[in-house]
Amino acid sequence: MPLLQATGVTKQFGGLRALSNVDLTVEEGEIVGVIGPNGAGKTTFFNCLTGMETRTSGEILFRGAPLPTRPDRVTVAGVARTFQNIRLFHNMTVLENVLVGTHPRSRAGVLSAIGRGPRYKREERKAESTSRELLSFVKLDGLRGELAKSLSYGDQRRLEIARALATDPGLLLLDEPTAGMNASETAGAIALVKAIRARGIGIVLIEHDMRFVFGLCDRVAVLVHGEKMVEGSPAQVQSDERVISAYLGRPAE
Amino acid sequence: MLTPRLARVAVPIIVGALALTACGSKKESSSGGSGTHIVKIGMIAPLTGSLSALGLGMKNSADLAINQANAAGKIKGWKIEFDPQDDTGDANTGGAAAAKLASDNQVAGVVGTLQSSIALQAAPQLNKQNIVMVSPANTNPSLTQGQNYLKTKSRPFASYFRVATTDLIQGAFAADYAYNTLHAKTVYLVNDKLVYGQGLNEAFGNEFKKKGGRVLATDFVTGGQKEFGSLVSKVKQAKPDLVYYGGQFPEGAPFSKQLTSAGVKAAFMGGDGLVDKSFVTTLGVQTANDYATNVGAAVEDLPAAADYVKAYKDAGYKDAFSAYGPNTYDATNTIINALAKVLPGKSSIDATVLKAVESAVQGTDFAGITGKVAFDQYGDTTNRIITMYKVEGGDFKKVVTGTFSG
Amino acid sequence: MTQFFQQLSDGVVLGALYALIALGYTMVYGIVQLINFAHGEIFMVGAFGGYTIYHYLLPDNMPALVALPIVLVASMITSGVLAAIVERLAYRPLRNAPRLAPLITAIGVSIALQEMIRLFYPNADRGEPFPQLFPNGQVHFGGVSESYVNCFLVVLSVVLMLALRTFVLHSATGRAMRATAQDPDTARLMGINIDRIIVTTFVLGGLLAGAAGTLQGMVASPIDFQIGFIAGLKAFTAAVLGGIGNITGAVLGGFVLGIVEALATQYVPNGSALKDAFAFVVLILVLVFRPTGLLGESVRARA
Ligand SMILES: Nc1ncnc2c1ncn2[C@@H]1O[C@H](COP(=O)(O)OP(=O)(O)OP(=O)(O)O)[C@@H](O)[C@H]1O
Ligand SMILES: [Mg+2]
């Protein structure tokens with residue numbers, strides 16, 4: 001059973017068809033790249049998966065069951081994401097950001113929080129140790145107490161990943177994880193993505209950095225004008241004539 | 001169509017609106033039989049809001065007088081309809097109610113208002129149409145004697161009368177009692193910034209100073225205010241013998257209570273605006289030292305009032321007749337008596353008729369349940385009786401009845 | 001000088017009451033950018049809830065200090081439950097409507113609640129005397145004195161505020177509330193059910209308003225159906241003064257407002273008549289020179 005199986009995903013914004021009949025399958029532990037020119041519909045595809053936009057039509061199965069359409073339930077089901085333009089909780093500390101991510105996995109309710117009972121304390125301790133572990137996993141352990149907004153760009157991207165991992169996902173959607181990073185940070189990101197996969201988490205990533213995509217992904221899909229033009233191994237995609245003329249051939253922006 | 005979503009929004013609004021109308025005034029359906037003409041007596045009083053206990057007692061008492069007059073066929077060829085309007089205790093609302101009554105050509109007289117500040121809005125409008133207004137409760141001197149009543153008296157509204165005496169008398173009577181009987185030498189004045197409260201404070205202060213007492217300060221409360229902590233501290237620091245309050249009970253009661261619980265030993269005194277059961281219940285058991293004057297004699301001292309009290313009870317009104325019930329009954333009968341003189345033989349109410357009603361009211365002279373009802377050249381009652389009450393044993397207990405004669 | 005401290009202390013009493021109510025305005029605004037103008041009425045109904053329990057359920061001879069916690073909790077629960085109902089029935093259906101719609105609804109809810117109280121309590125017009133659950137007497141600090149009940153008001157308010165602070169800063173639900181306030185869409189992607197968070201916020205504001213209802217009843221009996229209007233207006237002013245949406249700001253705003261009113265009563269000529277005017281002058285000055293309030297953030301960053 002594939003981890004994710006999206007079929008015929010279509011999104012209409014008024015007169016604009018941002019996605020038309022996109023299919024995508026992700027197997028357990030696989031890294032799938034999604035590339036395409038600006039405005040191709042890549043982010044919209046993530047939005048449709050996570051319930052942030054309601055898709056016009058299409059079916060999405062996660063671990064064989066229909067993926068819920070409400071964002072919070074999508075997360076509970078096991079799909080997490082990061083954003084192209086970073087969306088951290090800026091006025092909370094680094095540790096708190098990750099703790100918020102543990103929310104769906106904590107079973108301490110409001111009442112036990114007011115009563116501060118033993119279960120509440122146990123859940124809080126567990127959430128905190130998970131969060132600390134994730135922060136050292138993304139190499140932010142030194143910055144736990146800083147406000148998220150005071151972090152450097154690259155650190156913010158890593159924090160977003162740690163926060164997404166805190167929700168304990170089976171599938172992680174990364175929207176341009178290296179945008180704005182320098183070369184050494186990008187190298188770090190490659191290692192990080194591999195390490196995430198090593199935890200048994202499937203990954204779909206959107207990227208404009210071709211070296212990053214082709215060096216890392218098991219499979220690559222090319223979106224152009226909301227349609228999936230090609231899908232295949234990095235070698236297949238790189239050599240596809242249509243891709244070269246429609247996309248790769250153009251000078252980089 | 002009401003979608004479920006819309007319904008959820010609409011329901012609270014509709015419930016609110018229904019509740020509002022349920023509490024609003026009910027109009028008697030007019031049943032003008034052939035041959036009988038209809039004349040209306042209006043009322044402007046607080047039928048809802050914090051002063052409604054007083055207003056409802058007024059409404060019922062007027063209703064009683066009108067029903068009795070109709071049953072007795074007191075005005076030949078005419079039937080009286082009652083048209084009570086709610087001023088909610090607000091001057092603008094009261095002004096609008098007056099405008100409404102003034103534009104109704106069946107209205108030949110209005111009973112009300114409770115508050116002087118609202119009378120200042122209502123009287124000019126009714127006066128313009130020559131509609132008589134008889135108040136059972138207004139006590140501010142300027143309504144009859146003009147803004148400069150302390151220097152030169154001049155009557156502003158020919159159609160305005162009242163069966164309650166003025167605060168010049170009430171305030172002076174209170175000052176006399178405070179100085180001579182309670183032996184208070186210093187007073188702290190507090191009022192609610194409205195016409196009645198300010199006037200009462202002034203009348204008290206002037207007489208108190210004339211007697212040799214000292215006014216330490218004048219301070220203010222705001223309508224709706226319930227917490228008086230810092231004002232209480234200010235009063236406490238001044239250590240007055242007496243706090244004299246010009247205003248109504250909804251603010252006066254918690255103010256007095258908070259003075260007591262802050263350990264202020266001074267006596268607390270006010271005018272007819274305090275005379276309501278809820279003033280006493282608010283004070284609870286801890287009170288010792290609260291006084292209030294009211295216009296007129298105590299009901300138990302009015303032999304003529306016994307029939308009224310019984311008739312009121314028999315009519316089964318839900319609310320007590322409260323502080324102004326007897327006065328309202330007399331005020332309403334003042335208008336009914338004038339109509340009985342003027343209307344028979346007439347077929348409609350025009351300016352000449354209204355003028356005639358006005359002079360009939362001016363010439364009023366009958367034995368009402370509160371005493372003799374007659375008016376001086378300003379429209380003030382010639383009955384200047386004031387009663388001093390003390391709060392005791394969970395009620396107002398009469399201390400002394402009399403008048404002030406300078 | 002003693003009198004200055006006396007007024008300062010009276011201002012703190014008044015301010016504590018304002019602050020308790022202001023917290024409800026500010027928390028709700030922080031989460032849903034809605035000014036819940038029915039909050040004053042939620043406070044008022046809470047006071048009547050405590051009153052009702054005392055009069056109709058508790059035995060007459062129950063000692064006041066045993067009845068006090070029961071009445072207090074009854075007020076808090078009444079307001080908390082009512083706040084949840086109002087959110088569910090009146091505001092949630094309008095979550096995505098233009099801003100004006102929930103505002104007008106709030107006014108409708110206020111009227112409905114006032115009229116409901118008038119229907120059920122015939123004396124609510126002139127005021128129901130609130131039970132006196134605290135012994136009479138004063139505490140003296142130097143020359144300053146406050147009644148026991150005023151001291152209790154301040155102590156309880158501060159305890160509740162600290163409890164709220166702990167809850168918001170150090171509990172999972174509190175964290176989720178802060179996350180939702182900063183970015184509701186992202187919060188949902190953290191698996192947070194923001195509908196539940198919003199209701200929780202209304203309930204928390206209601207609990208505090210209910211406590212304020214009992215406190216107001218105890219220091220300023222009687223209670224009537226209109227007490228929510230003035231208290232709500234003052235608390236709203238306090239919330240805006242402190243920077244609406246900011247919890248610490250609401251507390252600060254409440255105390256500043258209370259103290260300004262107390263000092264104006266004492267020291268400004270005609271101050272007792274003008275104290276409300278002063279409160280609003282302070283509000284206007286703050287808004288002119290610091291439009292976001294004392295502690296508000298400059299502009300909310302919202303994607
Ligand atoms: N909420 C929206 N309403 C209307 N149009 C939208 C909306 N979101 C996206 N679009 C449009 O849909 C198209 C696809 O946008 P999308 O953000 O998915 O592109 P993208 O492939 O992620 O591009 P980029 O590489 O620049 O991030 C664009 O034309 C965009 O303008
Ligand atoms: Mg994009």
# chains A, B, ... in the order shown; residues from 1 in each chain; ligands from 1
>>> select_by_dssp(residues="range 21-252 of chain A", states="strand (DSSP E or B)", output="JSON, numbers by chain")
{"A": [21, 22, 23, 24, 25, 26, 31, 32, 33, 34, 35, 57, 58, 59, 60, 61, 62, 65, 66, 79, 80, 81, 93, 147, 171, 172, 173, 174, 175, 202, 203, 204, 205, 206, 219, 220, 221, 222, 223, 224, 227, 228, 229, 230, 231, 232]}
>>> write_last_selection(atoms="C-alpha atoms", output="compact mmCIF listing (two decimals), in the first residue's frame")
# COMPACT_ATOMS: atom_id res chain seq x y z
CA ASN A 21 -5.89 16.19 -12.73
CA VAL A 22 -2.63 15.76 -10.89
CA ASP A 23 -1.74 12.25 -9.74
CA LEU A 24 1.07 11.57 -7.33
CA THR A 25 2.07 8.50 -5.38
CA VAL A 26 4.59 8.31 -2.56
CA ILE A 31 11.73 11.13 -1.31
CA VAL A 32 9.73 12.63 -4.14
CA GLY A 33 10.61 15.96 -5.74
CA VAL A 34 8.11 18.33 -7.31
CA ILE A 35 9.57 20.92 -9.65
CA SER A 57 -12.04 17.48 -7.24
CA GLY A 58 -9.72 14.54 -6.80
CA GLU A 59 -9.12 11.78 -4.32
CA ILE A 60 -6.38 11.57 -1.72
CA LEU A 61 -5.62 8.39 0.17
CA PHE A 62 -3.14 8.30 3.02
CA ALA A 65 -7.71 5.73 3.92
CA PRO A 66 -9.15 9.01 2.63
CA VAL A 79 0.86 14.52 7.23
CA ALA A 80 2.97 17.55 8.21
CA ARG A 81 4.41 20.39 6.18
CA THR A 93 10.54 30.56 21.90
CA LEU A 147 12.40 33.85 20.29
CA LEU A 171 4.72 12.02 5.42
CA LEU A 172 6.49 15.37 5.44
CA LEU A 173 5.83 18.03 2.80
CA LEU A 174 8.71 20.51 2.40
CA ASP A 175 8.00 23.64 0.36
CA GLY A 202 8.21 9.76 3.46
CA ILE A 203 9.03 13.15 1.96
CA VAL A 204 7.66 15.28 -0.82
CA LEU A 205 9.74 18.36 -1.52
CA ILE A 206 9.26 21.33 -3.77
CA ARG A 219 11.52 10.28 -8.07
CA VAL A 220 10.74 13.68 -9.56
CA ALA A 221 7.45 15.07 -10.90
CA VAL A 222 7.34 18.13 -13.13
CA LEU A 223 4.36 20.45 -12.87
CA VAL A 224 3.73 23.00 -15.61
CA GLU A 227 -0.50 19.74 -15.12
CA LYS A 228 1.92 16.96 -14.39
CA MET A 229 4.08 16.93 -17.50
CA VAL A 230 6.54 14.19 -16.61
CA GLU A 231 7.28 11.88 -13.71
CA GLY A 232 10.21 9.56 -13.33
>>> closest_atom_pairs(of="chain A", to="ligand 2", cutoff="9 Å", atoms="only C-alpha atoms and all ligand atoms", output="Markdown table")
| residue | atom | partner | partner_atom_place_in_ligand_line | distance |
| --- | --- | --- | --- | --- |
| A:Asn38 | CA | ligand 2 | 1 (Mg) | 7.0 |
| A:Gly39 | CA | ligand 2 | 1 (Mg) | 6.9 |
| A:Ala40 | CA | ligand 2 | 1 (Mg) | 8.0 |
| A:Gly41 | CA | ligand 2 | 1 (Mg) | 7.0 |
| A:Lys42 | CA | ligand 2 | 1 (Mg) | 5.5 |
| A:Thr43 | CA | ligand 2 | 1 (Mg) | 4.0 |
| A:Thr44 | CA | ligand 2 | 1 (Mg) | 7.2 |
| A:Phe46 | CA | ligand 2 | 1 (Mg) | 8.9 |
| A:Phe83 | CA | ligand 2 | 1 (Mg) | 8.6 |
| A:Gln84 | CA | ligand 2 | 1 (Mg) | 6.2 |
| A:Asn85 | CA | ligand 2 | 1 (Mg) | 8.7 |
| A:Asp175 | CA | ligand 2 | 1 (Mg) | 6.9 |
| A:Glu176 | CA | ligand 2 | 1 (Mg) | 7.6 |
| A:Ile206 | CA | ligand 2 | 1 (Mg) | 7.8 |
| A:Glu207 | CA | ligand 2 | 1 (Mg) | 8.9 |
>>> write_last_selection(atoms="all heavy atoms", output="compact mmCIF listing (two decimals), in the first residue's frame")
# COMPACT_ATOMS: atom_id res chain seq x y z
N ASN A 38 7.66 29.02 -11.72
CA ASN A 38 6.84 29.80 -10.80
C ASN A 38 5.40 29.81 -11.25
O ASN A 38 5.10 29.94 -12.43
CB ASN A 38 7.34 31.26 -10.72
CG ASN A 38 8.71 31.33 -10.06
OD1 ASN A 38 9.69 31.69 -10.70
ND2 ASN A 38 8.77 30.96 -8.82
N GLY A 39 4.51 29.65 -10.30
CA GLY A 39 3.08 29.69 -10.62
C GLY A 39 2.57 28.41 -11.21
O GLY A 39 1.43 28.35 -11.68
N ALA A 40 3.37 27.36 -11.17
CA ALA A 40 2.94 26.11 -11.78
C ALA A 40 1.86 25.40 -10.97
O ALA A 40 1.14 24.55 -11.47
CB ALA A 40 4.14 25.18 -11.94
N GLY A 41 1.77 25.72 -9.69
CA GLY A 41 0.74 25.09 -8.87
C GLY A 41 1.31 24.17 -7.81
O GLY A 41 0.56 23.44 -7.15
N LYS A 42 2.61 24.23 -7.58
CA LYS A 42 3.25 23.32 -6.64
C LYS A 42 2.75 23.55 -5.21
O LYS A 42 2.32 22.61 -4.51
CB LYS A 42 4.77 23.51 -6.68
CG LYS A 42 5.37 23.39 -8.09
CD LYS A 42 6.88 23.57 -8.10
CE LYS A 42 7.36 24.96 -7.72
NZ LYS A 42 7.02 26.02 -8.70
N THR A 43 2.80 24.82 -4.79
CA THR A 43 2.34 25.12 -3.43
C THR A 43 0.85 24.82 -3.29
O THR A 43 0.38 24.32 -2.27
CB THR A 43 2.64 26.59 -3.09
OG1 THR A 43 4.06 26.79 -3.15
CG2 THR A 43 2.15 26.94 -1.71
N THR A 44 0.10 25.14 -4.34
CA THR A 44 -1.33 24.85 -4.31
C THR A 44 -1.59 23.36 -4.10
O THR A 44 -2.51 22.98 -3.39
CB THR A 44 -1.98 25.32 -5.63
OG1 THR A 44 -1.71 26.72 -5.79
CG2 THR A 44 -3.47 25.11 -5.61
N PHE A 46 0.30 21.29 -2.38
CA PHE A 46 0.49 21.06 -0.94
C PHE A 46 -0.73 21.56 -0.15
O PHE A 46 -1.20 20.92 0.78
CB PHE A 46 1.75 21.78 -0.43
CG PHE A 46 3.02 20.99 -0.61
CD1 PHE A 46 3.06 19.88 -1.46
CD2 PHE A 46 4.19 21.36 0.06
CE1 PHE A 46 4.25 19.16 -1.63
CE2 PHE A 46 5.37 20.65 -0.10
CZ PHE A 46 5.40 19.55 -0.95
N PHE A 83 6.58 25.64 5.16
CA PHE A 83 6.05 26.65 4.24
C PHE A 83 7.16 27.30 3.42
O PHE A 83 8.29 27.47 3.88
CB PHE A 83 5.31 27.74 5.02
CG PHE A 83 4.09 27.23 5.71
CD1 PHE A 83 4.16 26.76 7.01
CD2 PHE A 83 2.87 27.21 5.06
CE1 PHE A 83 3.03 26.28 7.65
CE2 PHE A 83 1.74 26.73 5.68
CZ PHE A 83 1.82 26.26 6.98
N GLN A 84 6.74 27.70 2.22
CA GLN A 84 7.67 28.40 1.32
C GLN A 84 8.13 29.71 1.97
O GLN A 84 9.32 30.00 2.03
CB GLN A 84 6.94 28.67 0.01
CG GLN A 84 7.77 29.33 -1.05
CD GLN A 84 7.00 29.41 -2.36
OE1 GLN A 84 5.94 28.80 -2.51
NE2 GLN A 84 7.55 30.14 -3.31
N ASN A 85 7.15 30.49 2.46
CA ASN A 85 7.52 31.65 3.27
C ASN A 85 7.28 31.26 4.72
O ASN A 85 6.17 31.01 5.13
CB ASN A 85 6.71 32.89 2.87
CG ASN A 85 5.27 32.55 2.57
OD1 ASN A 85 4.86 31.39 2.71
ND2 ASN A 85 4.49 33.52 2.20
N ASP A 175 8.18 22.70 1.47
CA ASP A 175 8.00 23.64 0.36
C ASP A 175 9.24 24.54 0.28
O ASP A 175 9.42 25.44 1.09
CB ASP A 175 6.73 24.47 0.60
CG ASP A 175 6.27 25.19 -0.67
OD1 ASP A 175 7.08 25.28 -1.62
OD2 ASP A 175 5.11 25.64 -0.70
N GLU A 176 10.08 24.26 -0.70
CA GLU A 176 11.32 25.00 -0.94
C GLU A 176 12.19 25.10 0.32
O GLU A 176 12.45 26.20 0.82
CB GLU A 176 11.02 26.39 -1.52
CG GLU A 176 10.15 26.26 -2.76
CD GLU A 176 10.17 27.52 -3.64
OE1 GLU A 176 11.04 28.38 -3.43
OE2 GLU A 176 9.32 27.59 -4.54
N ILE A 206 9.31 20.41 -2.64
CA ILE A 206 9.26 21.33 -3.77
C ILE A 206 10.58 22.08 -3.78
O ILE A 206 11.03 22.53 -2.71
CB ILE A 206 8.11 22.34 -3.60
CG1 ILE A 206 6.75 21.64 -3.62
CG2 ILE A 206 8.18 23.43 -4.66
CD1 ILE A 206 5.58 22.55 -3.26
N GLU A 207 11.22 22.17 -4.90
CA GLU A 207 12.50 22.88 -4.94
C GLU A 207 12.75 23.53 -6.29
O GLU A 207 12.27 23.06 -7.32
CB GLU A 207 13.66 21.90 -4.65
CG GLU A 207 14.30 22.04 -3.29
CD GLU A 207 14.69 23.45 -2.92
OE1 GLU A 207 14.97 24.33 -3.79
OE2 GLU A 207 14.70 23.70 -1.71
>>> closest_residue(among="B:Thr370, B:Gln225, B:Thr165, B:Asn327", to="Phe404 in chain B", atoms="only C-alpha atoms")
B:Thr165
>>> select_by_dssp(residues="range 35-129 of chain A", states="helix (DSSP H, G or I)", output="ChimeraX atom specification")
/A:42-50,71-77,94-101,103-105,110-115,118-129
>>> write_last_selection(atoms="C-alpha atoms", output="PDB file, in the first residue's frame")
ATOM      1  CA  LYS A  42       3.252  23.322  -6.638  1.00  0.00           C
ATOM      2  CA  THR A  43       2.343  25.116  -3.427  1.00  0.00           C
ATOM      3  CA  THR A  44      -1.329  24.854  -4.314  1.00  0.00           C
ATOM      4  CA  PHE A  45      -0.868  21.099  -4.506  1.00  0.00           C
ATOM      5  CA  PHE A  46       0.492  21.057  -0.938  1.00  0.00           C
ATOM      6  CA  ASN A  47      -2.362  23.309   0.155  1.00  0.00           C
ATOM      7  CA  CYS A  48      -4.879  20.879  -1.286  1.00  0.00           C
ATOM      8  CA  LEU A  49      -3.209  17.944   0.444  1.00  0.00           C
ATOM      9  CA  THR A  50      -3.198  19.631   3.840  1.00  0.00           C
ATOM     10  CA  PRO A  71      -6.045  20.868   8.411  1.00  0.00           C
ATOM     11  CA  ASP A  72      -5.884  19.819  12.064  1.00  0.00           C
ATOM     12  CA  ARG A  73      -7.181  16.351  11.197  1.00  0.00           C
ATOM     13  CA  VAL A  74      -4.725  16.033   8.318  1.00  0.00           C
ATOM     14  CA  THR A  75      -1.956  16.604  10.824  1.00  0.00           C
ATOM     15  CA  VAL A  76      -3.430  14.144  13.268  1.00  0.00           C
ATOM     16  CA  ALA A  77      -3.660  11.607  10.417  1.00  0.00           C
ATOM     17  CA  VAL A  94      12.238  27.948  19.758  1.00  0.00           C
ATOM     18  CA  LEU A  95      11.325  25.250  22.256  1.00  0.00           C
ATOM     19  CA  GLU A  96       7.704  26.423  22.472  1.00  0.00           C
ATOM     20  CA  ASN A  97       7.344  26.288  18.704  1.00  0.00           C
ATOM     21  CA  VAL A  98       8.301  22.643  18.750  1.00  0.00           C
ATOM     22  CA  LEU A  99       6.116  21.985  21.798  1.00  0.00           C
ATOM     23  CA  VAL A 100       3.121  23.355  19.887  1.00  0.00           C
ATOM     24  CA  GLY A 101       3.922  20.732  17.277  1.00  0.00           C
ATOM     25  CA  HIS A 103      -0.033  19.093  20.505  1.00  0.00           C
ATOM     26  CA  PRO A 104      -1.820  16.400  18.476  1.00  0.00           C
ATOM     27  CA  ARG A 105       0.154  13.653  20.199  1.00  0.00           C
ATOM     28  CA  VAL A 110      -7.804  21.375  29.399  1.00  0.00           C
ATOM     29  CA  LEU A 111      -9.214  20.084  32.663  1.00  0.00           C
ATOM     30  CA  SER A 112      -6.137  18.143  33.600  1.00  0.00           C
ATOM     31  CA  ALA A 113      -4.087  21.224  32.753  1.00  0.00           C
ATOM     32  CA  ILE A 114      -6.085  23.261  35.251  1.00  0.00           C
ATOM     33  CA  GLY A 115      -5.845  20.502  37.813  1.00  0.00           C
ATOM     34  CA  PRO A 118      -0.012  13.490  37.283  1.00  0.00           C
ATOM     35  CA  ARG A 119      -1.101  12.594  33.764  1.00  0.00           C
ATOM     36  CA  TYR A 120      -0.768  16.199  32.729  1.00  0.00           C
ATOM     37  CA  LYS A 121       2.726  16.354  34.179  1.00  0.00           C
ATOM     38  CA  ARG A 122       3.705  13.110  32.482  1.00  0.00           C
ATOM     39  CA  GLU A 123       2.429  14.322  29.109  1.00  0.00           C
ATOM     40  CA  GLU A 124       4.235  17.629  29.504  1.00  0.00           C
ATOM     41  CA  ARG A 125       7.483  15.879  30.376  1.00  0.00           C
ATOM     42  CA  LYS A 126       7.135  13.606  27.377  1.00  0.00           C
ATOM     43  CA  ALA A 127       6.394  16.541  25.044  1.00  0.00           C
ATOM     44  CA  GLU A 128       9.373  18.401  26.348  1.00  0.00           C
ATOM     45  CA  SER A 129      11.809  15.531  25.942  1.00  0.00           C
TER      46      SER A 129
END
>>> closest_residue(among="A:Pro2, A:Gly8, A:Gly15, A:Gly51", to="ligand 1", atoms="only C-alpha atoms and all ligand atoms")
A:Gly15
>>> residues_around(residues="Thr186 in chain B", least_positions_apart="4", cutoff="12 Å", atoms="only C-alpha atoms", output="number ranges by chain")
B: 175, 178-179, 182, 205, 208-209, 211-217, 235, 238-244, 266-267
>>> residues_around(residues="Ala220 in chain C", least_positions_apart="5", cutoff="7 Å", atoms="only C-alpha atoms", output="JSON, numbers by chain")
{"B": [226, 227, 254]}
>>> residues_around(residues="range 56-61 of chain B", least_positions_apart="5", cutoff="6 Å", atoms="only C-alpha atoms", output="CSV table (one decimal) with N, CA and C atoms, in the first residue's frame")
chain,number,residue,atom,x,y,z
B,47,LEU,N,-41.1,53.3,33.1
B,47,LEU,CA,-41.8,52.1,33.2
B,47,LEU,C,-40.9,50.9,33.1
B,320,ALA,N,-46.2,47.6,43.7
B,320,ALA,CA,-46.6,48.4,44.8
B,320,ALA,C,-46.9,49.9,44.3
B,321,PHE,N,-47.7,50.7,45.0
B,321,PHE,CA,-47.9,52.0,44.5
B,321,PHE,C,-46.7,52.9,44.8
B,322,SER,N,-45.8,52.5,45.6
B,322,SER,CA,-44.5,53.2,45.8
B,322,SER,C,-44.6,54.6,46.3
B,325,GLY,N,-47.4,57.0,44.3
B,325,GLY,CA,-48.7,56.6,44.0
B,325,GLY,C,-49.8,57.6,44.4
B,328,THR,N,-49.7,60.8,42.4
B,328,THR,CA,-50.1,60.6,41.0
B,328,THR,C,-51.7,60.5,41.0
B,329,TYR,N,-52.2,59.8,41.9
B,329,TYR,CA,-53.7,59.7,42.0
B,329,TYR,C,-54.3,61.1,42.0
